[in-house]
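Novice: The structure file data-v4.cif (mmCIF, C-alpha atoms) is provided below.
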```
data_model
loop_
_atom_site.label_atom_id
_atom_site.label_comp_id
_atom_site.auth_asym_id
_atom_site.auth_seq_id
_atom_site.Cartn_x
_atom_site.Cartn_y
_atom_site.Cartn_z
CA MET P 24 -18.81 -60.26 56.79
CA THR P 25 -17.22 -57.51 54.71
CA ASP P 26 -18.27 -55.17 57.52
CA TRP P 27 -15.64 -56.60 59.87
CA ILE P 28 -12.69 -55.87 57.59
CA ASP P 29 -13.65 -52.19 57.66
CA ARG P 30 -13.22 -52.07 61.43
CA SER P 31 -9.97 -51.34 63.24
CA LEU P 32 -7.37 -53.99 63.94
CA SER P 33 -8.14 -53.84 67.66
CA ALA P 34 -11.87 -54.30 66.97
CA GLN P 35 -11.15 -57.27 64.71
CA ALA P 36 -8.84 -58.82 67.30
CA GLU P 37 -11.42 -58.40 70.04
CA ALA P 38 -14.13 -59.96 67.85
CA LEU P 39 -11.86 -62.92 67.09
CA ARG P 40 -11.20 -63.54 70.78
CA ALA P 41 -14.93 -63.23 71.54
CA GLY P 42 -15.85 -65.70 68.82
CA GLN P 43 -17.89 -63.13 66.90
CA VAL P 44 -15.88 -63.69 63.74
CA SER P 45 -13.24 -66.17 62.58
CA ALA P 46 -9.88 -65.58 60.95
CA VAL P 47 -11.11 -67.63 57.98
CA ALA P 48 -14.13 -65.36 57.58
CA LEU P 49 -11.92 -62.27 57.74
CA MET P 50 -9.57 -63.75 55.16
CA GLU P 51 -12.44 -64.72 52.87
CA ALA P 52 -13.83 -61.18 53.06
CA THR P 53 -10.37 -59.76 52.37
CA LEU P 54 -9.86 -61.96 49.31
CA ALA P 55 -13.34 -61.09 48.02
CA ARG P 56 -12.62 -57.38 48.45
CA ILE P 57 -9.30 -57.71 46.60
CA ASP P 58 -11.08 -59.46 43.73
CA ALA P 59 -13.86 -56.86 43.60
CA ARG P 60 -11.35 -53.99 43.55
CA SER P 61 -8.71 -55.57 41.35
CA ALA P 62 -8.75 -52.49 39.10
CA LEU P 63 -6.65 -50.73 41.74
CA ASP P 64 -3.69 -52.92 40.71
CA ALA P 65 -2.51 -52.81 44.33
CA VAL P 66 -1.96 -56.51 45.10
CA THR P 67 0.71 -58.36 43.13
CA TRP P 68 0.71 -61.73 44.93
CA ILE P 69 -1.55 -63.64 47.32
CA ALA P 70 -0.30 -66.60 49.33
CA PRO P 71 -1.97 -69.71 47.84
CA ASP P 72 -2.47 -71.06 51.36
CA ALA P 73 -3.93 -67.83 52.80
CA LEU P 74 -7.12 -69.56 53.91
CA GLU P 75 -5.18 -72.45 55.41
CA GLN P 76 -3.08 -70.01 57.42
CA ALA P 77 -6.28 -68.37 58.67
CA ALA P 78 -7.72 -71.76 59.62
CA ALA P 79 -4.56 -72.56 61.58
CA ALA P 80 -4.94 -69.24 63.43
CA ASP P 81 -8.52 -70.19 64.32
CA ARG P 82 -7.40 -73.58 65.64
CA ALA P 83 -4.66 -72.00 67.72
CA LEU P 84 -7.11 -69.52 69.22
CA ALA P 85 -9.56 -72.32 70.04
CA GLU P 86 -6.75 -74.14 71.85
CA GLY P 87 -5.84 -71.05 73.87
CA GLN P 88 -2.68 -70.35 71.89
CA GLU P 89 -3.21 -66.72 70.87
CA THR P 90 0.14 -65.44 69.66
CA GLY P 91 -0.21 -61.67 69.91
CA PRO P 92 -2.20 -58.50 69.19
CA LEU P 93 -2.44 -59.25 65.46
CA HIS P 94 -3.45 -62.90 65.79
CA GLY P 95 -5.17 -64.07 62.61
CA LEU P 96 -5.25 -60.64 60.92
CA PRO P 97 -4.04 -60.14 57.32
CA VAL P 98 -1.26 -57.63 56.62
CA ALA P 99 0.19 -56.53 53.26
CA LEU P 100 3.89 -56.24 52.43
CA LYS P 101 5.52 -53.85 50.00
CA ASP P 102 7.30 -55.97 47.40
CA LEU P 103 10.73 -55.30 48.92
CA PHE P 104 10.30 -57.37 52.09
CA GLU P 105 11.65 -60.91 52.11
CA ALA P 106 9.14 -63.41 53.48
CA GLU P 107 9.72 -67.16 53.64
CA GLY P 108 8.34 -68.91 50.58
CA GLN P 109 7.23 -65.69 48.91
CA PRO P 110 8.69 -64.08 45.78
CA ASN P 111 10.46 -60.76 46.22
CA THR P 112 10.48 -59.08 42.83
CA CYS P 113 11.18 -55.54 44.09
CA GLY P 114 9.00 -54.46 41.18
CA SER P 115 11.69 -55.53 38.71
CA ARG P 116 12.10 -58.16 36.00
CA SER P 117 15.75 -58.43 37.00
CA MET P 118 15.13 -60.28 40.27
CA PRO P 119 15.44 -64.08 40.40
CA GLU P 120 12.23 -66.08 40.57
CA GLY P 121 11.26 -68.32 43.46
CA GLY P 122 10.44 -68.00 47.12
CA MET P 123 12.69 -66.41 49.71
CA PRO P 124 14.39 -68.73 52.20
CA ALA P 125 13.57 -66.68 55.32
CA ASP P 126 11.61 -63.75 56.69
CA SER P 127 12.99 -60.24 56.87
CA ALA P 128 13.16 -58.82 60.38
CA PRO P 129 9.89 -56.83 60.11
CA VAL P 130 7.98 -59.80 58.69
CA ALA P 131 9.31 -62.08 61.42
CA ALA P 132 8.09 -59.55 63.98
CA LEU P 133 4.64 -59.48 62.38
CA ARG P 134 4.42 -63.27 62.53
CA ARG P 135 5.44 -63.29 66.21
CA ALA P 136 2.51 -60.91 66.84
CA GLY P 137 0.20 -63.38 65.11
CA ALA P 138 -0.27 -61.48 61.83
CA LEU P 139 -0.80 -63.25 58.52
CA PRO P 140 1.42 -61.46 55.97
CA VAL P 141 -0.18 -63.16 52.98
CA LEU P 142 -0.35 -60.25 50.50
CA ARG P 143 2.36 -58.54 48.50
CA VAL P 144 1.64 -55.11 47.05
CA ALA P 145 3.12 -53.00 44.27
CA THR P 146 6.20 -50.81 44.49
CA TYR P 147 8.16 -48.70 42.05
CA GLU P 148 11.09 -50.69 40.67
CA PHE P 149 13.63 -51.11 43.49
CA ALA P 150 11.85 -48.17 45.20
CA LEU P 151 13.52 -45.85 42.69
CA THR P 152 11.11 -44.01 40.44
CA GLY P 153 7.74 -44.36 38.79
CA PRO P 154 5.08 -44.96 37.81
CA ALA P 155 6.31 -47.03 34.89
CA TRP P 156 4.74 -49.55 32.54
CA ASP P 157 7.77 -51.77 31.85
CA GLN P 158 7.69 -53.47 35.26
CA PRO P 159 6.34 -56.96 36.06
CA TYR P 160 2.95 -55.51 37.02
CA PRO P 161 1.08 -52.28 36.25
CA PRO P 162 1.36 -49.30 38.60
CA ALA P 163 -1.11 -49.11 41.46
CA ARG P 164 -4.00 -46.67 41.04
CA ASN P 165 -5.31 -44.08 43.45
CA PRO P 166 -8.62 -45.24 44.94
CA TRP P 167 -9.89 -41.65 44.99
CA ASN P 168 -9.43 -41.36 41.24
CA PRO P 169 -7.84 -44.20 39.25
CA ARG P 170 -6.54 -41.73 36.68
CA HIS P 171 -4.14 -40.46 39.35
CA ILE P 172 -1.05 -42.00 40.90
CA THR P 173 -0.74 -43.17 44.49
CA GLY P 174 2.73 -41.75 44.97
CA GLY P 175 5.76 -43.87 45.53
CA SER P 176 7.50 -45.91 46.15
CA SER P 177 5.09 -47.55 48.63
CA SER P 178 2.46 -47.27 45.92
CA GLY P 179 0.60 -50.53 46.41
CA SER P 180 0.73 -50.21 50.20
CA ALA P 181 -1.15 -46.91 50.03
CA ALA P 182 -3.65 -48.13 47.41
CA ALA P 183 -4.38 -51.29 49.41
CA VAL P 184 -5.11 -49.41 52.64
CA ALA P 185 -7.01 -46.52 51.05
CA GLY P 186 -8.94 -48.97 48.89
CA GLY P 187 -10.10 -50.94 51.93
CA LEU P 188 -8.26 -54.14 51.00
CA VAL P 189 -6.36 -54.23 54.31
CA ARG P 190 -6.15 -52.03 57.38
CA VAL P 191 -2.35 -51.87 57.36
CA ALA P 192 0.59 -52.45 55.04
CA LEU P 193 4.33 -52.21 55.50
CA GLY P 194 6.25 -49.70 53.41
CA THR P 195 9.70 -48.15 53.24
CA ASP P 196 10.57 -44.47 53.35
CA THR P 197 13.87 -43.16 51.96
CA GLY P 198 12.80 -39.68 50.86
CA GLY P 199 9.11 -39.74 51.70
CA SER P 200 7.94 -43.08 50.31
CA VAL P 201 5.61 -43.85 53.23
CA ARG P 202 4.38 -40.32 53.85
CA SER P 203 3.79 -39.01 50.33
CA PRO P 204 1.62 -42.00 49.24
CA ALA P 205 -0.27 -41.62 52.52
CA SER P 206 -0.88 -37.96 51.70
CA TYR P 207 -1.98 -38.71 48.14
CA CYS P 208 -4.32 -41.52 49.23
CA GLY P 209 -5.84 -40.03 52.37
CA ILE P 210 -4.42 -42.44 54.96
CA VAL P 211 -1.83 -42.43 57.75
CA GLY P 212 1.86 -42.98 57.05
CA LEU P 213 4.38 -43.19 59.89
CA LYS P 214 8.14 -42.89 59.35
CA PRO P 215 9.89 -43.74 62.61
CA THR P 216 13.22 -42.52 63.90
CA ARG P 217 15.99 -43.91 61.74
CA GLY P 218 17.20 -47.22 63.17
CA ARG P 219 14.13 -47.91 65.30
CA VAL P 220 12.95 -50.77 63.07
CA PRO P 221 15.46 -53.51 62.15
CA ASP P 222 15.52 -53.81 58.35
CA SER P 223 17.56 -56.92 57.61
CA GLY P 224 15.99 -58.75 54.67
CA VAL P 225 14.47 -55.59 53.20
CA PHE P 226 15.99 -54.74 49.81
CA PRO P 227 17.87 -51.45 50.30
CA LEU P 228 17.76 -48.24 48.32
CA SER P 229 20.02 -46.13 50.54
CA GLY P 230 21.32 -47.67 53.72
CA THR P 231 21.85 -44.23 55.22
CA LEU P 232 18.27 -43.04 54.68
CA ASP P 233 16.07 -46.16 54.44
CA THR P 234 13.38 -46.52 57.12
CA VAL P 235 10.65 -49.15 57.46
CA GLY P 236 7.24 -47.83 58.46
CA PRO P 237 3.52 -48.64 58.39
CA LEU P 238 0.73 -47.22 56.25
CA ALA P 239 -2.59 -47.56 58.04
CA ALA P 240 -6.22 -46.53 58.16
CA SER P 241 -5.78 -44.71 61.48
CA VAL P 242 -3.11 -43.28 63.78
CA ALA P 243 -3.73 -45.94 66.44
CA GLU P 244 -3.27 -48.75 63.92
CA ALA P 245 -0.06 -47.21 62.59
CA ALA P 246 1.28 -46.93 66.14
CA LEU P 247 0.30 -50.53 66.90
CA ILE P 248 2.16 -51.86 63.87
CA LEU P 249 5.20 -49.75 64.65
CA ASP P 250 5.27 -51.12 68.19
CA VAL P 251 5.15 -54.67 66.80
CA ILE P 252 8.04 -54.23 64.34
CA SER P 253 10.28 -51.99 66.47
CA GLY P 254 13.54 -53.23 67.89
CA GLU P 255 13.95 -54.10 71.55
CA GLY P 256 13.97 -51.39 74.17
CA MET P 257 11.99 -48.80 72.22
CA ALA P 258 9.38 -46.65 73.96
CA PRO P 259 5.97 -47.62 72.55
CA ALA P 260 4.64 -45.34 69.81
CA SER P 261 1.18 -45.97 71.24
CA GLY P 262 2.24 -44.92 74.74
CA GLU P 263 0.57 -41.49 74.73
CA LEU P 264 -2.52 -42.24 72.64
CA GLY P 265 -5.69 -40.90 74.21
CA GLN P 266 -3.87 -38.28 76.26
CA ASP P 267 -4.97 -34.66 76.00
CA PRO P 268 -2.44 -32.65 73.93
CA ALA P 269 -3.39 -29.35 75.59
CA GLY P 270 -0.32 -27.47 76.76
CA MET P 271 1.96 -28.95 74.13
CA ARG P 272 3.74 -26.62 71.72
CA ILE P 273 4.31 -26.91 67.97
CA GLY P 274 6.33 -25.00 65.40
CA PHE P 275 4.40 -24.26 62.20
CA ALA P 276 6.71 -24.44 59.16
CA ARG P 277 4.36 -22.28 57.11
CA ASP P 278 7.17 -20.86 55.00
CA TRP P 279 7.69 -24.26 53.39
CA VAL P 280 4.27 -23.99 51.72
CA LEU P 281 5.01 -20.58 50.21
CA ASP P 282 6.28 -22.18 47.04
CA PRO P 283 5.18 -21.57 43.45
CA GLU P 284 4.77 -25.32 42.97
CA ALA P 285 2.22 -25.55 45.79
CA ASP P 286 -1.46 -25.91 45.03
CA PRO P 287 -2.95 -22.44 45.71
CA SER P 288 -5.61 -23.97 47.97
CA LEU P 289 -3.09 -25.79 50.16
CA LEU P 290 -2.07 -22.92 52.45
CA PRO P 291 -5.62 -22.06 53.63
CA LEU P 292 -6.26 -25.75 54.26
CA LEU P 293 -3.04 -26.07 56.24
CA ASP P 294 -3.87 -22.93 58.22
CA ASP P 295 -7.23 -24.51 59.09
CA ALA P 296 -5.48 -27.70 60.27
CA VAL P 297 -3.15 -25.73 62.55
CA GLY P 298 -6.21 -23.82 63.78
CA VAL P 299 -7.71 -27.15 64.87
CA LEU P 300 -4.55 -27.94 66.83
CA SER P 301 -4.65 -24.52 68.42
CA ARG P 302 -8.25 -25.05 69.52
CA LEU P 303 -7.16 -28.35 71.05
CA GLY P 304 -4.90 -26.33 73.33
CA LEU P 305 -1.56 -26.57 71.57
CA GLY P 306 0.59 -23.47 71.46
CA VAL P 307 1.67 -22.49 67.94
CA ASP P 308 4.86 -20.70 66.89
CA LEU P 309 5.60 -19.66 63.32
CA ILE P 310 9.10 -20.91 62.56
CA GLU P 311 11.52 -20.67 59.65
CA MET P 312 12.90 -23.93 58.35
CA PRO P 313 16.14 -24.51 56.45
CA ASP P 314 16.10 -24.20 52.67
CA TYR P 315 14.12 -27.17 51.39
CA ALA P 316 15.64 -27.32 47.91
CA LEU P 317 19.15 -27.59 49.33
CA ALA P 318 18.09 -30.37 51.71
CA GLU P 319 16.42 -32.25 48.88
CA ALA P 320 19.52 -31.90 46.69
CA ALA P 321 21.73 -33.28 49.46
CA GLY P 322 19.37 -36.19 49.99
CA CYS P 323 19.32 -36.99 46.30
CA VAL P 324 23.13 -37.12 46.20
CA ILE P 325 23.19 -39.57 49.11
CA ILE P 326 20.50 -41.78 47.57
CA GLN P 327 22.00 -41.79 44.07
CA HIS P 328 25.48 -42.55 45.39
CA GLU P 329 24.36 -45.41 47.62
CA ALA P 330 21.90 -46.85 45.09
CA TRP P 331 24.66 -46.96 42.49
CA GLN P 332 26.89 -48.89 44.89
CA ILE P 333 24.09 -51.43 45.37
CA HIS P 334 23.17 -51.84 41.71
CA ALA P 335 26.34 -51.23 39.68
CA ALA P 336 27.37 -54.88 39.46
CA ARG P 337 23.79 -56.03 38.89
CA LEU P 338 23.39 -53.53 36.05
CA ALA P 339 26.60 -54.72 34.45
CA GLU P 340 25.37 -58.32 34.53
CA ASN P 341 21.68 -57.88 33.72
CA GLY P 342 20.99 -54.23 32.90
CA ALA P 343 18.57 -55.05 30.08
CA ALA P 344 16.16 -56.54 32.62
CA TYR P 345 15.84 -53.21 34.43
CA GLY P 346 13.14 -50.77 33.40
CA ARG P 347 14.11 -47.65 31.45
CA ASP P 348 13.38 -45.17 34.25
CA ALA P 349 15.20 -47.28 36.82
CA ARG P 350 18.32 -47.47 34.64
CA LEU P 351 18.29 -43.73 34.00
CA ASN P 352 17.85 -43.05 37.68
CA LEU P 353 20.68 -45.32 38.76
CA VAL P 354 23.35 -44.23 36.31
CA THR P 355 23.27 -40.69 37.69
CA GLY P 356 25.01 -42.11 40.74
CA ALA P 357 28.00 -43.04 38.61
CA ALA P 358 28.67 -39.34 37.90
CA LEU P 359 29.01 -38.41 41.56
CA ASP P 360 32.47 -38.14 43.10
CA GLN P 361 33.55 -38.28 46.72
CA ALA P 362 33.51 -34.49 47.03
CA ASP P 363 29.81 -34.47 46.09
CA VAL P 364 29.05 -37.09 48.70
CA GLN P 365 31.08 -35.38 51.42
CA ALA P 366 29.32 -32.07 50.74
CA ALA P 367 25.92 -33.77 51.01
CA GLU P 368 26.91 -35.50 54.24
CA ALA P 369 28.14 -32.21 55.70
CA HIS P 370 24.83 -30.58 54.84
CA ALA P 371 23.02 -33.49 56.46
CA ARG P 372 24.83 -32.79 59.73
CA ASP P 373 24.02 -29.07 59.51
CA LEU P 374 20.39 -29.85 58.71
CA THR P 375 20.09 -32.21 61.69
CA ARG P 376 21.33 -29.49 64.02
CA ALA P 377 18.90 -26.98 62.48
CA VAL P 378 15.89 -29.28 62.95
CA ASP P 379 16.97 -30.01 66.52
CA ARG P 380 17.10 -26.26 67.17
CA ALA P 381 13.62 -25.83 65.69
CA LEU P 382 12.36 -28.45 68.14
CA GLU P 383 13.94 -26.84 71.20
CA GLY P 384 11.14 -25.95 73.59
CA ARG P 385 8.59 -27.52 71.26
CA ASP P 386 6.98 -30.95 71.05
CA ALA P 387 6.71 -31.09 67.25
CA ILE P 388 6.94 -29.29 63.93
CA VAL P 389 3.98 -29.28 61.54
CA SER P 390 3.93 -28.65 57.82
CA ALA P 391 2.49 -30.07 54.63
CA THR P 392 3.43 -33.57 53.50
CA THR P 393 3.10 -32.84 49.78
CA LEU P 394 2.48 -29.50 48.06
CA THR P 395 -0.16 -30.85 45.69
CA PRO P 396 -2.65 -33.69 45.60
CA ALA P 397 -1.76 -36.77 43.54
CA PRO P 398 -0.74 -35.98 39.95
CA ALA P 399 -2.44 -37.68 37.04
CA PHE P 400 -0.85 -40.62 35.24
CA SER P 401 -0.88 -38.49 32.09
CA ASP P 402 1.83 -36.30 33.66
CA PHE P 403 4.21 -39.26 33.44
CA GLU P 404 3.70 -40.23 29.81
CA ASN P 405 7.22 -39.13 28.90
CA GLY P 406 8.94 -40.59 31.96
CA ALA P 407 9.44 -39.83 35.62
CA VAL P 408 8.41 -36.44 37.01
CA TRP P 409 9.58 -35.08 40.36
CA THR P 410 6.62 -34.28 42.60
CA PRO P 411 6.88 -31.49 45.22
CA MET P 412 7.00 -32.86 48.76
CA ARG P 413 8.17 -31.69 52.17
CA THR P 414 9.38 -35.06 53.43
CA PHE P 415 13.02 -35.49 52.41
CA PRO P 416 14.76 -33.51 55.18
CA PHE P 417 13.57 -35.88 57.90
CA ASN P 418 15.06 -38.90 56.18
CA ILE P 419 18.36 -37.02 56.18
CA THR P 420 18.08 -36.01 59.84
CA GLY P 421 16.45 -39.24 61.02
CA HIS P 422 13.60 -37.52 62.89
CA PRO P 423 10.25 -39.36 63.13
CA ALA P 424 7.36 -37.97 61.09
CA ILE P 425 3.74 -38.89 60.52
CA SER P 426 1.36 -37.89 57.72
CA LEU P 427 -2.41 -37.96 58.13
CA PRO P 428 -5.30 -36.56 56.10
CA CYS P 429 -6.20 -32.90 56.60
CA GLY P 430 -8.64 -32.31 53.74
CA LEU P 431 -9.36 -32.58 50.04
CA LEU P 432 -8.15 -30.49 47.12
CA ASP P 433 -10.24 -30.93 43.97
CA GLY P 434 -11.62 -34.17 45.37
CA LEU P 435 -8.20 -35.65 46.18
CA PRO P 436 -6.64 -36.00 49.66
CA ILE P 437 -3.75 -34.01 51.06
CA GLY P 438 -1.72 -34.68 54.19
CA LEU P 439 -0.61 -32.85 57.32
CA GLN P 440 2.91 -33.80 58.45
CA ILE P 441 3.94 -33.81 62.12
CA ILE P 442 7.64 -34.16 62.96
CA GLY P 443 9.09 -34.95 66.38
CA ARG P 444 12.35 -35.30 68.25
CA HIS P 445 14.37 -38.48 67.82
CA GLY P 446 12.68 -41.37 69.61
CA GLU P 447 9.47 -39.45 70.32
CA GLU P 448 7.05 -41.29 68.08
CA ALA P 449 4.57 -41.40 70.97
CA ARG P 450 4.47 -37.61 71.09
CA ILE P 451 3.70 -37.10 67.40
CA CYS P 452 1.17 -39.94 67.43
CA ARG P 453 -0.56 -38.27 70.38
CA ILE P 454 -0.89 -35.00 68.47
CA ALA P 455 -1.90 -36.78 65.27
CA GLU P 456 -4.60 -38.84 66.98
CA ALA P 457 -6.03 -35.75 68.67
CA PHE P 458 -6.28 -34.04 65.28
CA GLU P 459 -7.76 -37.18 63.73
CA LEU P 460 -10.47 -37.40 66.38
CA ALA P 461 -11.25 -33.67 66.21
CA THR P 462 -11.91 -33.76 62.47
CA ASP P 463 -13.68 -36.02 60.00
CA HIS P 464 -10.84 -36.31 57.49
CA CYS P 465 -9.97 -39.92 58.35
CA LEU P 466 -13.67 -40.83 58.11
CA GLN P 467 -13.82 -39.79 54.47
CA HIS P 468 -13.33 -42.62 52.02
CA PRO P 469 -12.83 -42.80 48.28
CA PRO P 470 -15.97 -43.31 46.14
CA LEU P 471 -15.22 -46.95 45.32
#
```
If you convert what's in this file into structure tokens, what do you get?
Specialist:
Amino acid sequence: MTDWIDRSLSAQAEALRAGQVSAVALMEATLARIDARSALDAVTWIAPDALEQAAAADRALAEGQETGPLHGLPVALKDLFEAEGQPNTCGSRSMPEGGMPADSAPVAALRRAGALPVLRVATYEFALTGPAWDQPYPPARNPWNPRHITGGSSSGSAAAVAGGLVRVALGTDTGGSVRSPASYCGIVGLKPTRGRVPDSGVFPLSGTLDTVGPLAASVAEAALILDVISGEGMAPASGELGQDPAGMRIGFARDWVLDPEADPSLLPLLDDAVGVLSRLGLGVDLIEMPDYALAEAAGCVIIQHEAWQIHAARLAENGAAYGRDARLNLVTGAALDQADVQAAEAHARDLTRAVDRALEGRDAIVSATTLTPAPAFSDFENGAVWTPMRTFPFNITGHPAISLPCGLLDGLPIGLQIIGRHGEEARICRIAEAFELATDHCLQHPPL
């Protein structure tokens, strides 16, 4: 039965409808897999009635009451999403105990599609910084090498999918927190256009930059989940899957990888990935992107300012319950003045125009997701360390972006990032799926 949980969501759904497998059997296999791979420290909570929920899904299906494309299938939630009856610790000892009174908007959408969101997975404290060892649960471990991090803050989401515990998990992305863990763990991470997914009931980090997105085992599954949780009136992210990308045009942001912090083997690997796209018939232009360091600095100002507004009163009341790294991260926001914030916001507007110009006459931009594979836990023994990514600008500009595996560096995965125009998730998913099917990167799995 374990075999079924390693198949795609669509294959599982088809097998359920055909009576080849039951929701209970899928749930039992999922729970057994979680138990067998508990050393990943990915899952922090399992609904005590998970099997009963699966049995109810089976009964509904038998009575002809299928509820949607995810009927009876388990899905994991980053521990920031409110779900009725479930705790929402946000990875912090400072949160009140007890179950939430209602579902967040994304969880409600999953339930309407028939999904069983019965698992909660690890996150860095309040999606701030990590890994840290003074949180309610230990940091999630990278399935490719448990001595290495998964990236954050959707750390448990990435570990759960890469570790084969679930096919999909919800995450949040404020500066790269869906895409960088996807890169580090060899899976797909999709950050949609800002505002596409309603986020009420999801604990915020930065209201200006926060975006809800899926982490998944394949591009098609990521697009399916995004379609389920998107707001009304959105063009389906899955709308162009299976279409030939020949004739499309991409801008290759190669200059962003020419950085002393980049792994020396990254650039040849990225060149190979773009070569694959070229052979698929996509035209390739070398383009120059805006200064990354300046964009990252502006994004950090916005995050720190808005996070401080969210947490200042909570810190005053219960600061001792916060972890050390989280406290240090948050108090930097108190030092920012309005001039700092206005300068960052002005740069955000300039950056948005620059990215729009880079996309003129092109269907997408491609670059690296992260500049190195996942760092080791030992790098964080003295506290948080900033890891080099190429994700932050697209939280600032709101453009959609997807990360998917493009190879291994020293036995650890690394991701290719594809960025599109606002609202054109279908276009970047089309390119990403074509790359996925033309290579074997998504077929490689960690040596569990």
Novice: What do you get, as an MDAnalysis selection string, if you spell out every residue that the PyMOL selection byres ((chain P and resi 379-394) around 6) selects here?
Specialist: chainID P and resid 272:276 285 376:378 395 411:413 438:443
Novice: Give me the result of the PyMOL selection byres ((chain P and resi 162-169) around 10) on this file, residue by residue, as a VMD selection string.
Specialist: chain P and resid 60 to 67 114 144 to 147 153 to 161 170 to 175 177 to 187 204 207 to 209 397 to 400 434 to 436 468 to 471
Novice: Could you check which of P:Gln332, P:Ser203, P:Ser115, P:Thr152 is closest to Ala407 of chain P, using only C-alpha atoms?
Specialist: P:Thr152
Novice: Which residue out of P:Met312, P:Leu151, P:Val130, P:Ala349 has the minimum interatomic distance to Val235 of chain P when only C-alpha atoms are used?
Specialist: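 Among the listed residues, the smallest separation from Val235 of chain P belongs to P:Val130.
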Novice: List every residue of segment 298-326 of chain P that has an atom at most 12 Å from any atom of segment 255-267 of chain P, giving for each one its closest atom pair and the distance in Å to one decimal, counting only C-alpha atoms, sorted by chain and then by ascending residue number, as JSON lines.
Specialist:
```
{"residue": "P:Leu300", "atom": "CA", "partner": "P:Asp267", "partner_atom": "CA", "distance": 11.4}
{"residue": "P:Leu303", "atom": "CA", "partner": "P:Asp267", "partner_atom": "CA", "distance": 8.3}
{"residue": "P:Gly304", "atom": "CA", "partner": "P:Asp267", "partner_atom": "CA", "distance": 8.7}
{"residue": "P:Leu305", "atom": "CA", "partner": "P:Asp267", "partner_atom": "CA", "distance": 9.8}
```
Novice: Nearest residue to Leu427 of chain P out of P:Gly121, P:Pro237, P:Gly342, P:Gly212, using only C-alpha atoms?
Specialist: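 For Leu427 of chain P, the nearest of the given residues is P:Gly212.
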Novice: Go through the shown structure with the PyMOL selection byres ((chain P and resi 321) around 8) and write out the matching residues as a list in words.
Specialist: Leu317, Ala318, Glu319, Ala320, Gly322, Cys323, Val324, Ile325, Ala366, Ala367, Glu368, His370 and Ala371 of chain P
Novice: Using all atoms listed in the file, determine which residues lie at most 6 Å from Phe415 of chain P, disregarding the query and same-chain residues fewer than 3 positions distant; provide the list as a VMD selection string.
Specialist: chain P and resid 198 to 199 319 418
Novice: With only C-alpha atoms as the counted atoms, please give the residues lying no more than 10 Å from Gly108 of chain P, apart from itself and same-chain residues fewer than 4 positions off, as a PDB file with C-alpha atoms, keeping the file's coordinate frame.
Specialist:
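Generated file (part-v8.pdb):
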```pdb
ATOM      1  CA  ALA P  70      -0.300 -66.600  49.330  1.00  0.00           C
ATOM      2  CA  GLY P 121      11.260 -68.320  43.460  1.00  0.00           C
ATOM      3  CA  GLY P 122      10.440 -68.000  47.120  1.00  0.00           C
ATOM      4  CA  MET P 123      12.690 -66.410  49.710  1.00  0.00           C
ATOM      5  CA  PRO P 124      14.390 -68.730  52.200  1.00  0.00           C
ATOM      6  CA  ALA P 125      13.570 -66.680  55.320  1.00  0.00           C
ATOM      7  CA  ASP P 126      11.610 -63.750  56.690  1.00  0.00           C
TER       8      ASP P 126
END
```
Novice: Which distance in Å separates atom CA of Ala128 of chain P and atom CA of Gly218 of chain P, to one decimal?
Specialist: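 That distance, rounded to one decimal, is 12.6 Å.
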Novice: Compare P:Arg219, P:Ile333, P:Glu120, P:Gly137 by their minimum atom-to-atom distance to Gln76 of chain P, counting all atoms listed in the file, and give me the closest one.
Specialist: P:Gly137
Novice: List as a tab-separated table every residue of segment 87-149 of chain P that is in contact with segment 240-247 of chain P, defined as an atom at most 12 Å from one of its atoms (using all atoms listed in the file), together with the nearest atom pair and the distance in Å rounded to one decimal, sorted by chain and then rising number.
Specialist:
```
residue	atom	partner	partner_atom	distance
P:Gly91	CA	P:Leu247	CA	11.6
P:Pro92	CA	P:Leu247	CA	8.7
P:Leu93	CA	P:Leu247	CA	9.3
P:Val98	CA	P:Glu244	CA	11.7
P:Leu133	CA	P:Leu247	CA	10.9
P:Ala136	CA	P:Leu247	CA	10.6
```
Novice: Find, counting all atoms listed in the file, the residue in P:His422, P:Arg40, P:Arg190, P:His464 that gets nearest to Ala239 of chain P.
Specialist: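 So, comparing all the options, the nearest one is P:Arg190.
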